[in-house]
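Here's the structure we're looking at; comments come further down.
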Amino acid sequence: MLLHFTKMHGCGNDYIYFNCFSQEIQNPEALAIALSERHKGIGGDGIILICPSAIADGRMRMFNADGSEGAMCGNAIRCVAKYLYDEGIARKPVLEIETKSGVKTCTVIEENGKAAAVSVDMGQAEFEPKRIPVNLPGERVVGRKVEMALAKEEFVITCVSMGNPHCVVFGGDPMEIDLERLGPKFENDPLFPDRVNTEFVQVLDSHTLKMRVWERGSGETMACGTGACACVAAAVENGFCPAGEDVTVKLRGGDLVINYTPQRVIMTGEAVRVFDGEIFVEEGEA
């Protein structure tokens, strides 16, 4: 089968995008595993299907590099909005995109007739443990010291859902952390029945955070949009940053601007189209 794809990234968080308005993909799990491999495939953090929607301008499905389907991806949804806008599928300044975490509203920031950046209303951050989910008692897990069973260490954690589960740990320079060791231990800790994305965050000042992320199903990535939202939500709730003001999150792949209130989280960042291509795959892979 000949498949047409577009490689896109937001702050270096790169995915392989398939326009499913014009082609059908029946086995995205296998395709994600085959194509995400950076030496024998196209290379990416996973694949994204851009599909028709009965309730929005388009529908996003995302699959991690290990083939598991995710509920939400902040960097990817900006790129989906750019694709819909630039391709004329939905040439509107405000787009609605359906995800497994609900319909998200995206505002296009245009430059030279193309979408250069996108601002996304990510909805409300969720702190209730059972809705994250995290196996801890209480109404919220904010700045709580816990023993991580697999890491065999104590950490002070804040747990947040942005449509997918996040565990935020504040401390020193995240670049000094042995993420290859700690990332999988957090991801698979029995505290998190659905696994978890983990953000290690340094507070540089009241409006600037530095973040490094380990994503469930993908490992370390250059950026994570929902992770940036989660770390700002966690920073505000821990008293490190003010609510309702722009906070810059510095990631390995670039910067995201997050504005958090208890009612909603707004994320603004770049959306970049790298190249278009086509690839032959075996019948069973797609």
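Just remember, in the structure tokens the first chain shown is A, the second B, etc., residues are 1-based per chain, and ligands are 1-based in the order shown.
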Neighbouring residues of stretch 211-215 of chain A were defined as those with any atom within 6 Å, considering only C-alpha atoms; residues of the same chain fewer than 4 positions away were excluded. Please report them as a PyMOL selection string. chain A and resi 174+183+197-201+219-220+251
Applying 6 Å and only C-alpha atoms, which residues near A:Ile97 remain after dropping the ones on its own chain fewer than 2 positions away? List them as a count of residues only. 6
Do a neighbour search on A:Asn19 at 9 Å with only C-alpha atoms, toss out local chain neighbours closer than 2 positions, and write the hits as a list in words.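 Here the qualifying residues turn out to be His4, Phe5, Thr6, Tyr17, Phe21, Ser22, Gln23, Glu24, Ile48, Leu49, Ile50, Cys51 and Tyr83 of chain A.
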Where does DSSP see helix (DSSP H, G or I) in stretch 7-217 of chain A, if you list the residues as a PyMOL selection string? chain A and resi 28-36+74-86+129-131+174-176+179-187
Those in stretch 79-253 of chain A with strand (DSSP E) from DSSP, as a PyMOL selection string: chain A and resi 94-99+102-111+114-121+144-148+153-161+165-170+197-205+208-215+219-221+246-251
Set the distance at 9 Å and use only C-alpha atoms: which residues neighbour A:Ile77 once local chain neighbours fewer than 2 positions away are removed? I'd like the list as a list of chain:residue names.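 Those residues are A:Met60, A:Met72, A:Cys73, A:Gly74, A:Asn75, A:Cys79, A:Val80, A:Ala81, A:Lys82, A:Ile97, A:Thr99, A:Lys104, A:Cys106, A:Val118, A:Val120.
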Nearby residues (only C-alpha atoms) at most 9 Å from A:Val142, same-chain spacing under 2 positions excluded, as a count of residues only: 11
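For the pair atom CA of A:Val94 and atom CA of A:Asp276, the separation is 24.7 Å.
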Find the residues around A:Met8 up to 9 Å (only C-alpha atoms counted), leave out those fewer than 4 positions away in its own chain, and share them as a VMD selection string. chain A and resid 12 to 17 76 79 271 to 276
Would you give me, as CSV, each residue of stretch 177-244 of chain A having an atom within 9 Å of an atom of stretch 61-64 of chain A, along with its shortest atom pair and that distance in Å to one decimal, using only C-alpha atoms and sorting by chain and residue number?
residue,atom,partner,partner_atom,distance
A:Arg216,CA,A:Asn64,CA,8.1
A:Gly217,CA,A:Asn64,CA,5.5
A:Ser218,CA,A:Asn64,CA,5.8
Residues within 8 Å of A:Ile132, only C-alpha atoms, excluding chain neighbours under 3 positions, as a list in words: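 These residues fall inside the cut-off: Glu126, Phe127, Glu128, Pro129, Cys159, Val160, Ser161, Asn164, Pro165 and His166 of chain A.
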Could you write out the selected residues, including N, CA and C atoms, as a PDB file, in the first residue's frame?
ATOM      1  N   GLU A 126      -7.290  18.634  35.885  1.00  0.00           N
ATOM      2  CA  GLU A 126      -7.999  17.787  36.853  1.00  0.00           C
ATOM      3  C   GLU A 126      -7.019  17.305  37.907  1.00  0.00           C
ATOM      4  N   PHE A 127      -7.374  17.483  39.185  1.00  0.00           N
ATOM      5  CA  PHE A 127      -6.491  17.088  40.283  1.00  0.00           C
ATOM      6  C   PHE A 127      -7.048  15.929  41.111  1.00  0.00           C
ATOM      7  N   GLU A 128      -8.290  15.536  40.897  1.00  0.00           N
ATOM      8  CA  GLU A 128      -8.881  14.455  41.689  1.00  0.00           C
ATOM      9  C   GLU A 128      -8.182  13.134  41.359  1.00  0.00           C
ATOM     10  N   PRO A 129      -7.636  12.434  42.362  1.00  0.00           N
ATOM     11  CA  PRO A 129      -6.802  11.248  42.098  1.00  0.00           C
ATOM     12  C   PRO A 129      -7.439  10.207  41.191  1.00  0.00           C
ATOM     13  N   CYS A 159       0.160  15.483  41.026  1.00  0.00           N
ATOM     14  CA  CYS A 159      -0.477  14.700  39.957  1.00  0.00           C
ATOM     15  C   CYS A 159      -1.605  15.495  39.315  1.00  0.00           C
ATOM     16  N   VAL A 160      -1.590  15.547  37.994  1.00  0.00           N
ATOM     17  CA  VAL A 160      -2.528  16.354  37.221  1.00  0.00           C
ATOM     18  C   VAL A 160      -2.957  15.564  35.992  1.00  0.00           C
ATOM     19  N   SER A 161      -4.205  15.701  35.599  1.00  0.00           N
ATOM     20  CA  SER A 161      -4.644  15.182  34.300  1.00  0.00           C
ATOM     21  C   SER A 161      -4.967  16.344  33.375  1.00  0.00           C
ATOM     22  N   ASN A 164      -4.775  13.321  29.895  1.00  0.00           N
ATOM     23  CA  ASN A 164      -3.871  12.191  30.088  1.00  0.00           C
ATOM     24  C   ASN A 164      -3.130  12.416  31.407  1.00  0.00           C
ATOM     25  N   PRO A 165      -2.612  11.373  32.023  1.00  0.00           N
ATOM     26  CA  PRO A 165      -2.066  11.504  33.378  1.00  0.00           C
ATOM     27  C   PRO A 165      -0.649  12.056  33.408  1.00  0.00           C
ATOM     28  N   HIS A 166      -0.401  12.943  34.383  1.00  0.00           N
ATOM     29  CA  HIS A 166       0.919  13.538  34.551  1.00  0.00           C
ATOM     30  C   HIS A 166       1.332  13.522  36.015  1.00  0.00           C
TER      31      HIS A 166
END
Gap from atom CA of A:Asp86 to atom CA of A:Ile47 - Å, one decimal: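 Distance between the two atoms: 19.3 Å.
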Kindly give the distance, in Å, that separates atom CA of A:Ile177 and atom CA of A:Ala151, rounded to a single decimal.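 So the two atoms, atom CA of A:Ile177 and atom CA of A:Ala151, lie 13.0 Å apart.
Minimum atom-to-atom distances from A:Cys11, A:Met1, A:Cys241, A:Leu179 to A:Leu31 were compared using only C-alpha atoms, and the lowest value belongs to A:Met1.
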Which is closest to A:Pro52 among A:Leu84, A:Val196, A:Lys92, A:Leu2, if we use only C-alpha atoms?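 For A:Pro52, the nearest of the candidates is A:Leu84.
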Of the residues A:Lys114, A:Ser36, A:Asp255, A:Pro133, which is the one nearest to A:Phe192, using only C-alpha atoms? A:Pro133
